[in-house]
file structure_15.csv (CSV, C-alpha atoms and all ligand atoms)
chain,number,residue,atom,x,y,z
A,1,GLU,CA,-52.9,123.8,187.2
A,2,THR,CA,-55.1,122.1,184.7
A,3,VAL,CA,-57.1,120.4,187.4
A,4,LYS,CA,-57.7,123.8,189.1
A,5,ARG,CA,-58.5,125.5,185.9
A,6,PHE,CA,-61.0,122.9,184.6
A,7,LYS,CA,-62.5,121.6,187.8
A,8,SER,CA,-65.4,124.0,188.1
A,9,ASP,CA,-66.1,123.7,184.3
A,10,PHE,CA,-66.3,120.0,184.5
A,11,ILE,CA,-68.6,120.1,187.5
A,12,ARG,CA,-70.8,122.7,186.0
A,13,ARG,CA,-71.0,121.6,182.5
A,14,SER,CA,-70.7,117.9,182.6
A,15,ASP,CA,-71.7,115.2,185.1
A,16,VAL,CA,-70.2,112.6,182.8
A,17,LEU,CA,-66.7,113.9,183.6
A,18,GLU,CA,-64.8,113.9,186.8
A,19,ILE,CA,-61.3,115.4,187.1
A,20,GLU,CA,-58.9,114.2,189.8
A,21,GLU,CA,-55.3,114.5,190.9
A,22,PRO,CA,-54.4,111.0,192.0
A,23,SER,CA,-52.1,110.6,195.0
A,24,ILE,CA,-50.8,107.1,194.2
A,25,ASP,CA,-48.0,106.2,191.9
A,26,PHE,CA,-46.4,102.9,190.6
A,27,GLY,CA,-45.0,102.3,194.0
A,28,ASP,CA,-48.5,101.7,195.2
A,29,VAL,CA,-49.4,99.2,192.5
A,30,GLY,CA,-48.1,95.7,193.3
A,31,GLY,CA,-46.8,93.5,190.5
A,32,TYR,CA,-47.3,94.1,186.8
A,33,GLU,CA,-43.6,95.1,186.4
A,34,GLY,CA,-43.5,94.4,182.7
A,35,VAL,CA,-46.4,96.8,182.1
A,36,LYS,CA,-44.9,99.5,184.3
A,37,GLU,CA,-41.6,99.1,182.5
A,38,MET,CA,-43.2,99.3,179.1
A,39,VAL,CA,-45.2,102.4,180.0
A,40,ARG,CA,-42.1,104.1,181.5
A,41,LYS,CA,-40.2,103.6,178.3
A,42,ASN,CA,-42.9,104.4,175.8
A,43,LEU,CA,-44.9,107.0,177.5
A,44,ILE,CA,-43.3,108.6,180.6
A,45,TRP,CA,-39.8,109.1,179.2
A,46,ALA,CA,-41.2,110.4,176.0
A,47,LEU,CA,-43.3,112.9,177.9
A,48,ARG,CA,-40.3,114.0,180.0
A,49,ARG,CA,-37.8,114.0,177.2
A,50,THR,CA,-39.7,115.8,174.5
A,51,GLN,CA,-36.7,116.9,172.5
A,52,ARG,CA,-35.3,113.4,172.4
A,53,ALA,CA,-38.8,112.1,171.4
A,54,GLU,CA,-38.9,114.8,168.7
A,55,LEU,CA,-35.4,113.7,167.4
A,56,ALA,CA,-36.6,110.1,167.1
A,57,ALA,CA,-39.8,111.3,165.4
A,58,LEU,CA,-41.6,109.3,168.2
A,59,SER,CA,-45.3,109.9,168.6
A,60,LEU,CA,-46.7,109.1,172.0
A,61,PRO,CA,-49.0,106.1,172.6
A,62,ARG,CA,-52.4,107.8,172.9
A,63,GLY,CA,-54.5,104.8,173.7
A,64,ILE,CA,-54.1,101.9,176.2
A,65,LEU,CA,-56.6,99.2,176.6
A,66,ILE,CA,-56.4,97.1,179.8
A,67,TYR,CA,-58.4,93.9,180.2
A,68,GLY,CA,-58.7,91.3,182.9
A,69,PRO,CA,-60.9,90.1,185.7
A,70,PRO,CA,-62.4,92.5,188.3
A,71,GLY,CA,-60.4,93.9,191.1
A,72,THR,CA,-56.9,93.3,189.6
A,73,GLY,CA,-55.9,97.0,189.7
A,74,LYS,CA,-56.8,98.3,186.3
A,75,THR,CA,-58.3,101.5,187.7
A,76,LEU,CA,-55.5,101.8,190.2
A,77,PHE,CA,-52.9,101.5,187.5
A,78,ALA,CA,-54.6,104.2,185.4
A,79,LYS,CA,-54.5,106.6,188.4
A,80,ALA,CA,-50.9,105.8,189.1
A,81,LEU,CA,-50.1,106.4,185.4
A,82,SER,CA,-51.6,109.9,185.8
A,83,LYS,CA,-49.4,110.6,188.8
A,84,GLU,CA,-46.3,109.2,187.0
A,85,THR,CA,-46.9,111.3,183.9
A,86,SER,CA,-48.0,114.4,186.0
A,87,LEU,CA,-51.1,114.6,183.8
A,88,PRO,CA,-54.6,115.1,185.2
A,89,PHE,CA,-56.9,112.1,185.5
A,90,ILE,CA,-60.2,112.5,183.8
A,91,ASN,CA,-62.9,109.9,184.5
A,92,LEU,CA,-65.4,109.6,181.7
A,93,LYS,CA,-68.3,108.2,183.6
A,94,THR,CA,-69.8,105.8,181.2
A,95,GLU,CA,-72.5,104.6,183.7
A,96,ASN,CA,-74.0,108.1,183.7
A,97,LEU,CA,-73.7,108.5,180.0
A,98,PHE,CA,-76.0,105.5,179.3
A,99,SER,CA,-78.3,105.2,182.2
A,100,LYS,CA,-79.4,108.8,182.7
A,101,TYR,CA,-79.5,110.4,179.3
A,102,LEU,CA,-81.0,108.0,176.9
A,103,GLY,CA,-81.8,110.0,173.8
A,104,GLU,CA,-79.1,112.6,174.7
A,105,SER,CA,-76.1,110.4,174.9
A,106,GLY,CA,-74.8,111.6,171.5
A,107,GLN,CA,-74.8,115.2,172.5
A,108,ARG,CA,-73.3,114.4,175.9
A,109,VAL,CA,-70.4,112.5,174.4
A,110,ARG,CA,-69.7,115.3,171.9
A,111,ASP,CA,-69.6,117.9,174.7
A,112,ALA,CA,-67.5,115.6,176.9
A,113,ILE,CA,-65.0,115.1,174.2
A,114,ARG,CA,-64.7,118.8,173.5
A,115,LEU,CA,-64.1,119.5,177.2
A,116,VAL,CA,-61.6,116.7,177.6
A,117,GLU,CA,-59.6,117.9,174.6
A,118,GLN,CA,-59.5,121.4,176.0
A,119,ALA,CA,-58.0,120.1,179.3
A,120,SER,CA,-55.6,117.7,177.5
A,121,PRO,CA,-52.9,116.4,177.6
A,122,ALA,CA,-54.6,114.3,180.2
A,123,ILE,CA,-55.2,110.7,181.0
A,124,VAL,CA,-58.8,109.9,180.2
A,125,PHE,CA,-60.1,106.9,182.0
A,126,VAL,CA,-62.9,105.0,180.3
A,127,ASP,CA,-64.0,102.2,182.6
A,128,GLU,CA,-65.9,99.3,180.9
A,129,ILE,CA,-65.3,100.7,177.5
A,130,ASP,CA,-67.2,97.7,176.1
A,131,ARG,CA,-70.4,99.6,177.2
A,132,PHE,CA,-69.9,101.7,174.0
A,133,GLY,CA,-71.2,98.6,172.3
A,134,ASN,CA,-70.6,97.5,168.7
A,135,ARG,CA,-71.9,97.7,165.2
A,136,LYS,CA,-73.4,94.3,165.4
A,137,GLY,CA,-77.0,93.5,166.5
A,138,GLY,CA,-78.9,95.3,163.7
A,139,LYS,CA,-81.7,96.5,166.0
A,140,THR,CA,-83.5,99.5,164.8
A,141,ASP,CA,-85.1,100.8,168.0
A,142,SER,CA,-84.0,104.3,169.0
A,143,ALA,CA,-82.0,103.2,172.0
A,144,SER,CA,-79.9,101.0,169.8
A,145,GLN,CA,-79.5,103.7,167.2
A,146,GLU,CA,-78.3,106.1,169.9
A,147,THR,CA,-75.8,103.5,171.1
A,148,GLY,CA,-74.6,103.1,167.6
A,149,ARG,CA,-74.1,106.8,167.2
A,150,VAL,CA,-72.1,107.0,170.4
A,151,PHE,CA,-70.0,104.0,169.4
A,152,ALA,CA,-69.2,105.8,166.1
A,153,GLN,CA,-68.2,109.0,168.0
A,154,MET,CA,-66.0,107.1,170.3
A,155,LEU,CA,-64.3,105.3,167.4
A,156,GLU,CA,-63.7,108.6,165.6
A,157,TRP,CA,-62.2,110.1,168.7
A,158,LEU,CA,-59.9,107.1,169.3
A,159,GLY,CA,-58.7,107.2,165.7
A,160,ASP,CA,-58.4,111.0,165.5
A,161,PRO,CA,-54.7,111.8,164.7
A,162,GLY,CA,-55.1,115.2,166.3
A,163,ARG,CA,-56.3,113.8,169.6
A,164,LYS,CA,-54.3,115.2,172.6
A,165,SER,CA,-55.8,113.0,175.3
A,166,ILE,CA,-54.3,109.7,176.3
A,167,ILE,CA,-57.3,107.3,176.6
A,168,VAL,CA,-57.0,104.4,179.0
A,169,GLY,CA,-59.9,102.0,178.5
A,170,THR,CA,-60.6,99.0,180.6
A,171,THR,CA,-62.8,96.0,180.1
A,172,ASN,CA,-63.6,92.7,181.9
A,173,VAL,CA,-65.0,91.3,178.6
A,174,PRO,CA,-62.6,92.0,175.8
A,175,GLY,CA,-64.4,89.4,173.7
A,176,ASP,CA,-67.4,91.7,173.6
A,177,LEU,CA,-65.5,94.6,172.2
A,178,ASP,CA,-66.1,95.4,168.6
A,179,THR,CA,-63.0,94.6,166.6
A,180,ALA,CA,-62.9,98.1,165.3
A,181,PHE,CA,-61.7,99.2,168.7
A,182,LEU,CA,-58.7,97.0,168.3
A,183,ARG,CA,-57.5,98.2,164.9
A,184,PRO,CA,-54.1,99.9,164.8
A,185,GLY,CA,-54.2,103.6,165.5
A,186,ARG,CA,-56.8,103.3,168.2
A,187,PHE,CA,-55.1,101.6,171.2
A,188,SER,CA,-51.3,101.4,170.9
A,189,TYR,CA,-51.2,98.8,173.7
A,190,VAL,CA,-53.6,96.2,174.7
A,191,ILE,CA,-52.5,95.0,178.2
A,192,PRO,CA,-53.6,91.9,180.2
A,193,PHE,CA,-54.1,92.4,183.9
A,194,LEU,CA,-54.5,88.8,185.3
A,195,TYR,CA,-54.6,87.6,188.9
A,196,PRO,CA,-51.3,88.6,190.6
A,197,ASN,CA,-48.5,86.0,190.8
A,198,LYS,CA,-46.8,85.1,194.1
A,199,SER,CA,-44.3,87.9,194.3
A,200,ALA,CA,-47.0,90.5,193.2
A,201,ARG,CA,-49.3,89.2,196.0
A,202,LYS,CA,-46.6,89.7,198.5
A,203,GLN,CA,-46.0,93.2,197.3
A,204,ILE,CA,-49.8,94.0,197.4
A,205,LEU,CA,-50.1,92.7,200.9
A,206,GLU,CA,-47.1,94.8,202.0
A,207,MET,CA,-48.5,97.9,200.3
A,208,HIS,CA,-51.9,97.6,202.0
A,209,LEU,CA,-50.2,97.0,205.3
A,210,GLY,CA,-48.2,100.2,204.8
A,211,LEU,CA,-44.9,98.3,204.8
A,212,SER,CA,-44.2,99.8,201.4
A,213,GLY,CA,-45.7,102.5,199.2
A,214,SER,CA,-47.7,105.5,200.5
A,215,ARG,CA,-50.6,103.8,202.3
A,216,ARG,CA,-51.0,104.3,206.0
A,217,ARG,CA,-49.4,101.8,208.3
A,218,PRO,CA,-51.3,100.6,211.4
A,219,ALA,CA,-49.3,100.1,214.7
A,220,MET,CA,-47.9,96.6,214.3
A,221,ASP,CA,-45.5,93.9,215.3
A,222,GLU,CA,-43.6,94.3,212.1
A,223,SER,CA,-41.3,91.3,212.2
A,224,GLY,CA,-44.2,89.1,213.3
A,225,ILE,CA,-46.4,90.3,210.5
A,226,ARG,CA,-43.6,90.0,207.9
A,227,SER,CA,-43.0,86.4,209.1
A,228,VAL,CA,-46.5,85.2,208.2
A,229,LEU,CA,-46.6,86.9,204.8
A,230,PRO,CA,-45.0,84.0,202.9
A,231,LYS,CA,-47.7,81.6,204.2
A,232,ILE,CA,-50.5,84.0,203.2
A,233,THR,CA,-48.9,84.7,199.9
A,234,ALA,CA,-48.6,81.0,199.1
A,235,GLU,CA,-52.2,80.3,200.0
A,236,THR,CA,-53.8,83.1,198.0
A,237,GLU,CA,-53.5,81.9,194.4
A,238,PHE,CA,-56.3,83.5,192.2
A,239,TYR,CA,-56.9,86.3,194.7
A,240,ALA,CA,-57.2,89.7,193.0
A,241,GLY,CA,-55.5,92.7,194.5
A,242,ALA,CA,-58.9,93.8,195.8
A,243,ASP,CA,-59.2,90.4,197.7
A,244,LEU,CA,-55.8,90.9,199.3
A,245,GLU,CA,-56.8,94.5,200.3
A,246,GLU,CA,-59.9,93.0,201.9
A,247,VAL,CA,-57.9,90.5,204.0
A,248,VAL,CA,-55.7,93.4,205.3
A,249,MET,CA,-58.8,95.4,206.0
A,250,ARG,CA,-60.2,92.6,208.1
A,251,ALA,CA,-56.9,92.2,209.9
A,252,LYS,CA,-57.1,95.9,210.8
A,253,GLN,CA,-60.7,95.4,212.0
A,254,ASN,CA,-59.5,92.4,214.2
A,255,PHE,CA,-56.8,94.6,215.7
A,256,PHE,CA,-59.2,97.4,216.3
A,257,GLU,CA,-61.6,95.2,218.2
A,258,ASP,CA,-58.9,93.6,220.2
A,259,SER,CA,-57.2,95.2,223.2
A,260,THR,CA,-53.6,94.8,221.9
A,261,ALA,CA,-51.4,97.9,221.3
A,262,ALA,CA,-50.4,96.7,217.9
A,263,MET,CA,-51.6,94.5,215.1
A,264,THR,CA,-50.2,91.0,215.6
A,265,PRO,CA,-49.7,88.1,213.2
A,266,ALA,CA,-52.7,86.4,214.7
A,267,HIS,CA,-55.0,89.3,213.5
A,268,LEU,CA,-53.7,88.9,210.0
A,269,LEU,CA,-53.9,85.1,210.0
A,270,SER,CA,-57.4,85.0,211.4
A,271,ALA,CA,-58.5,87.5,208.7
A,272,HIS,CA,-56.9,85.3,206.0
A,273,LYS,CA,-58.5,82.1,207.4
A,274,ASP,CA,-61.9,83.8,207.5
A,275,TYR,CA,-61.8,85.2,203.9
A,276,ARG,CA,-62.8,82.9,201.1
A,277,ILE,CA,-63.0,83.0,197.3
A,278,ASP,CA,-64.4,80.5,194.9
A,279,THR,CA,-61.1,79.0,193.8
A,280,GLU,CA,-62.6,76.8,191.0
A,281,ASN,CA,-64.5,79.6,189.5
A,282,ARG,CA,-61.4,81.8,189.6
A,283,ARG,CA,-59.3,79.1,188.1
A,284,GLY,CA,-61.8,79.0,185.2
A,285,LEU,CA,-61.7,82.7,184.8
A,286,ALA,CA,-57.9,82.8,184.9
A,287,ASP,CA,-57.8,80.2,182.1
A,288,HIS,CA,-60.3,82.1,180.1
A,289,TYR,CA,-58.4,85.4,180.2
A,290,LYS,CA,-55.1,83.5,179.5
A,291,SER,CA,-56.6,81.9,176.5
A,292,LEU,CA,-57.6,85.4,175.2
A,293,GLY,CA,-54.0,86.5,175.4
A,294,PRO,CA,-52.9,85.7,171.8
A,295,THR,CA,-56.0,87.3,170.4
A,296,PHE,CA,-55.9,90.6,172.3
A,297,ALA,CA,-52.5,91.4,173.9
A,298,ASN,CA,-50.5,93.1,171.2
A,299,SER,CA,-47.1,92.9,172.8
A,300,VAL,CA,-45.1,89.6,172.9
A,301,LYS,CA,-43.3,90.8,176.1
A,302,LEU,CA,-46.5,91.5,178.0
A,303,LEU,CA,-47.9,88.1,176.8
A,304,GLU,CA,-44.8,86.4,178.2
A,305,GLU,CA,-45.2,88.2,181.5
A,306,MET,CA,-48.8,87.1,181.6
A,307,GLU,CA,-47.8,83.5,181.0
A,308,ARG,CA,-45.6,83.7,184.1
A,309,GLN,CA,-48.5,84.7,186.2
B,401,LIG,P1,-62.9,96.4,187.9
B,401,LIG,O1,-62.5,95.6,186.7
B,401,LIG,O2,-63.9,95.7,188.8
B,401,LIG,O3,-63.2,97.8,187.6
B,401,LIG,P2,-60.2,97.0,188.6
B,401,LIG,O4,-59.3,96.0,187.9
B,401,LIG,O5,-60.3,98.3,188.0
B,401,LIG,O6,-61.6,96.3,188.8
B,401,LIG,P3,-59.3,98.3,191.0
B,401,LIG,O7,-60.6,99.1,191.2
B,401,LIG,O8,-58.1,99.0,190.4
B,401,LIG,O9,-59.6,97.0,190.1
B,401,LIG,O10,-58.9,97.6,192.3
B,401,LIG,C1,-59.7,97.7,193.5
B,401,LIG,C2,-58.8,97.9,194.7
B,401,LIG,O11,-58.0,96.7,194.9
B,401,LIG,C3,-57.8,99.0,194.5
B,401,LIG,O12,-58.3,100.2,194.9
B,401,LIG,C4,-56.6,98.6,195.3
B,401,LIG,O13,-56.8,99.0,196.7
B,401,LIG,C5,-56.7,97.0,195.3
B,401,LIG,N1,-55.7,96.5,194.3
B,401,LIG,C6,-56.0,95.8,193.2
B,401,LIG,N2,-54.9,95.5,192.5
B,401,LIG,C7,-53.9,96.0,193.2
B,401,LIG,C8,-52.5,96.0,193.0
B,401,LIG,N3,-51.9,95.4,191.9
B,401,LIG,N4,-51.7,96.6,193.9
B,401,LIG,C9,-52.3,97.2,195.0
B,401,LIG,N5,-53.6,97.2,195.3
B,401,LIG,C10,-54.4,96.6,194.4
call {"tool": "encode", "arguments": {"input": "structure_15.csv", "output": "structure tokens", "more": "lines below"}}
Ligand code: ATP
result
Amino acid sequence: ETVKRFKSDFIRRSDVLEIEEPSIDFGDVGGYEGVKEMVRKNLIWALRRTQRAELAALSLPRGILIYGPPGTGKTLFAKALSKETSLPFINLKTENLFSKYLGESGQRVRDAIRLVEQASPAIVFVDEIDRFGNRKGGKTDSASQETGRVFAQMLEWLGDPGRKSIIVGTTNVPGDLDTAFLRPGRFSYVIPFLYPNKSARKQILEMHLGLSGSRRRPAMDESGIRSVLPKITAETEFYAGADLEEVVMRAKQNFFEDSTAAMTPAHLLSAHKDYRIDTENRRGLADHYKSLGPTFANSVKLLEEMERQ
């Protein structure tokens, strides 16, 4: 209902906002079980059992910050969260905010926040929240002053006790975030999304092959495909979910170009053999994000899960 009611308003009045109704849920996100569990307990149940939450004087987490390397499913998770909570997904398009409207960003943000709050409760997705900058720098040119104003508005919104929206921010560079973003009352949870571990990689491959979750399944020799998954899973350390999706996509392409009636293990193995990542670079990145854990992740349980990656 909210999506229907606000869609035209969003399109007409703001090209920095996009409202969606995601079709995927947690069953389409491989791995990250601890995060799903935490969100289920602290957010989804509280939203579903409002009377119980009231009894416990429980206030909902209204801000979640997810950090990690590119392609690990941060956006996917935020969309699934929207589906799981039955709340609309509103994308605050930060790239439009800063590239198109230099000089008008302050006004744009103010309008966007007003519109978002009217449509809330909603999941508000702020990709690359680090773009909002920080208070450091001390430059006095008008572009920097503008960024500074937008930064202050964003902080005010995040810290507003009356805010109805649930803000899910993501960043690849948590170290660039102003510490003000991390103060209590702004993001209730700061969640690491590192490269998927072995069991998560298997789940992700299965999901993209349509063997589980809601994605479409190509015609396939299922038992043959399943039999090669352990090998591929073992050989894909430091792959992000997006890389695994690409391997499956290439296997589908191989099948499409071949004359077989169904996808065979050879199609998948050949796609796997052909796809390369820079493992050393990824190892370095993984270590880097891991080392940031104690500084950023604000939950011991989630940190422990990350250590197991
Ligand atoms: P970036 O930091 O670059 O914005 P991201 O972490 O937000 O990246 P997504 O855009 O969510 O990454 O992931 C890209 C695609 O990779 C997803 O649409 C999905 O198809 C696939 N993918 C990534 N992680 C997972 C996962 N855990 N389970 C299933 N698919 C995944």
call {"tool": "closest_residue", "arguments": {"input": "structure_15.csv", "among": "A:Tyr67, A:Trp157, A:Trp45, A:Phe255", "to": "Asp176 (chain A)", "atoms": "all atoms listed in the file"}}
result
A:Tyr67
call {"tool": "residues_near_point", "arguments": {"input": "structure_15.csv", "point": "(-48.8, 100.0, 198.6)", "cutoff": "10 Å", "atoms": "all atoms listed in the file", "output": "list of chain:residue names"}}
result
A:Ile24, A:Asp25, A:Phe26, A:Gly27, A:Asp28, A:Val29, A:Gly30, A:Gln203, A:Ile204, A:Leu205, A:Glu206, A:Met207, A:His208, A:Leu209, A:Gly210, A:Leu211, A:Ser212, A:Gly213, A:Ser214, A:Arg215, A:Arg216, A:Arg217, A:Glu245
call {"tool": "residues_near_ligand", "arguments": {"input": "structure_15.csv", "ligand": "ligand LIG 401 (chain B)", "cutoff": "6 Å", "atoms": "only C-alpha atoms and all ligand atoms", "output": "list in words"}}
result
Asp28, Val29, Gly30, Gly31, Pro69, Pro70, Gly71, Thr72, Gly73, Lys74, Thr75, Leu76, Asn172, Ile204, Gly241, Ala242 and Glu245 of chain A
call {"tool": "atom_distance", "arguments": {"input": "structure_15.csv", "atom1": "CA of Val3 (chain A)", "atom2": "CA of Leu87 (chain A)"}}
result
9.1 Å
call {"tool": "closest_residue", "arguments": {"input": "structure_15.csv", "among": "A:Gln253, A:Asn298, A:Ser291, A:Ser165", "to": "Ala119 (chain A)", "atoms": "only C-alpha atoms"}}
result
A:Ser165
call {"tool": "closest_residue", "arguments": {"input": "structure_15.csv", "among": "A:Ser299, A:Thr50, A:Gln118, A:Thr233", "to": "Pro192 (chain A)", "atoms": "all atoms listed in the file"}}
result
A:Ser299
call {"tool": "atom_distance", "arguments": {"input": "structure_15.csv", "atom1": "CA of Ser105 (chain A)", "atom2": "CA of Phe89 (chain A)"}}
result
22.0 Å
call {"tool": "residues_around", "arguments": {"input": "structure_15.csv", "residues": "Thr94 (chain A)", "least_positions_apart": "3", "cutoff": "10 Å", "atoms": "all atoms listed in the file", "output": "PyMOL selection string"}}
result
chain A and resi 16-17+91+97-99+109+125-132
call {"tool": "write_last_selection", "arguments": {"input": "structure_15.csv", "atoms": "C-alpha atoms", "output": "short mmCIF file (atom, residue, chain, number, x, y, z; two decimals), keeping the file's coordinate frame"}}
result
data_model
loop_
_atom_site.label_atom_id
_atom_site.label_comp_id
_atom_site.auth_asym_id
_atom_site.auth_seq_id
_atom_site.Cartn_x
_atom_site.Cartn_y
_atom_site.Cartn_z
CA VAL A 16 -70.20 112.60 182.80
CA LEU A 17 -66.70 113.90 183.60
CA ASN A 91 -62.90 109.90 184.50
CA LEU A 97 -73.70 108.50 180.00
CA PHE A 98 -76.00 105.50 179.30
CA SER A 99 -78.30 105.20 182.20
CA VAL A 109 -70.40 112.50 174.40
CA PHE A 125 -60.10 106.90 182.00
CA VAL A 126 -62.90 105.00 180.30
CA ASP A 127 -64.00 102.20 182.60
CA GLU A 128 -65.90 99.30 180.90
CA ILE A 129 -65.30 100.70 177.50
CA ASP A 130 -67.20 97.70 176.10
CA ARG A 131 -70.40 99.60 177.20
CA PHE A 132 -69.90 101.70 174.00
#
call {"tool": "closest_residue", "arguments": {"input": "structure_15.csv", "among": "A:Arg110, A:Arg183, A:Lys198, A:Lys41", "to": "Val150 (chain A)", "atoms": "all atoms listed in the file"}}
result
A:Arg110
call {"tool": "residues_around", "arguments": {"input": "structure_15.csv", "residues": "Ile19 (chain A)", "least_positions_apart": "6", "cutoff": "9 Å", "atoms": "all atoms listed in the file", "output": "number ranges by chain"}}
result
A: 3, 6-7, 10-11, 88-92
call {"tool": "closest_residue", "arguments": {"input": "structure_15.csv", "among": "A:Lys290, A:Arg186, A:Thr171, A:Leu65", "to": "Leu155 (chain A)", "atoms": "all atoms listed in the file"}}
result
A:Arg186
call {"tool": "residues_around", "arguments": {"input": "structure_15.csv", "residues": "Lys301 (chain A)", "least_positions_apart": "4", "cutoff": "12 Å", "atoms": "only C-alpha atoms", "output": "list in words"}}
result
Tyr32, Glu33, Gly34, Val35, Glu37, Met38, Tyr189, Val190, Ile191, Pro192, Gly293, Pro294, Ala297, Glu305, Met306, Glu307 and Arg308 of chain A
call {"tool": "atom_distance", "arguments": {"input": "structure_15.csv", "atom1": "CA of Arg62 (chain A)", "atom2": "CA of Phe187 (chain A)"}}
result
7.0 Å
call {"tool": "residues_around", "arguments": {"input": "structure_15.csv", "residues": "Glu237 (chain A)", "least_positions_apart": "3", "cutoff": "12 Å", "atoms": "all atoms listed in the file", "output": "list of chain:residue names"}}
result
A:Leu194, A:Tyr195, A:Pro196, A:Asn197, A:Lys198, A:Ser199, A:Ala200, A:Arg201, A:Lys202, A:Lys231, A:Ile232, A:Thr233, A:Ala234, A:Ala240, A:Gly241, A:Asp243, A:Leu244, A:Arg276, A:Ile277, A:Asp278, A:Thr279, A:Glu280, A:Arg282, A:Arg283, A:Ala286, A:Gln309
call {"tool": "residues_around", "arguments": {"input": "structure_15.csv", "residues": "Gly106 (chain A)", "least_positions_apart": "6", "cutoff": "10 Å", "atoms": "all atoms listed in the file", "output": "PyMOL selection string"}}
result
chain A and resi 97-98+112+146-154
call {"tool": "decode", "arguments": {"input": "structure_15.csv", "residues": "region 34-47 of chain A", "atoms": "C-alpha atoms", "output": "CSV table (one decimal), in the first residue's frame"}}
result
chain,number,residue,atom,x,y,z
A,34,GLY,CA,24.5,-14.7,12.6
A,35,VAL,CA,23.4,-11.4,11.1
A,36,LYS,CA,20.1,-12.8,9.9
A,37,GLU,CA,19.5,-14.3,13.4
A,38,MET,CA,20.3,-11.0,15.1
A,39,VAL,CA,18.0,-9.0,12.8
A,40,ARG,CA,15.2,-11.6,13.2
A,41,LYS,CA,15.4,-11.3,17.0
A,42,ASN,CA,15.9,-7.6,17.3
A,43,LEU,CA,13.9,-6.2,14.5
A,44,ILE,CA,11.6,-8.6,12.7
A,45,TRP,CA,10.0,-10.1,15.8
A,46,ALA,CA,9.7,-6.7,17.5
A,47,LEU,CA,7.9,-5.4,14.4
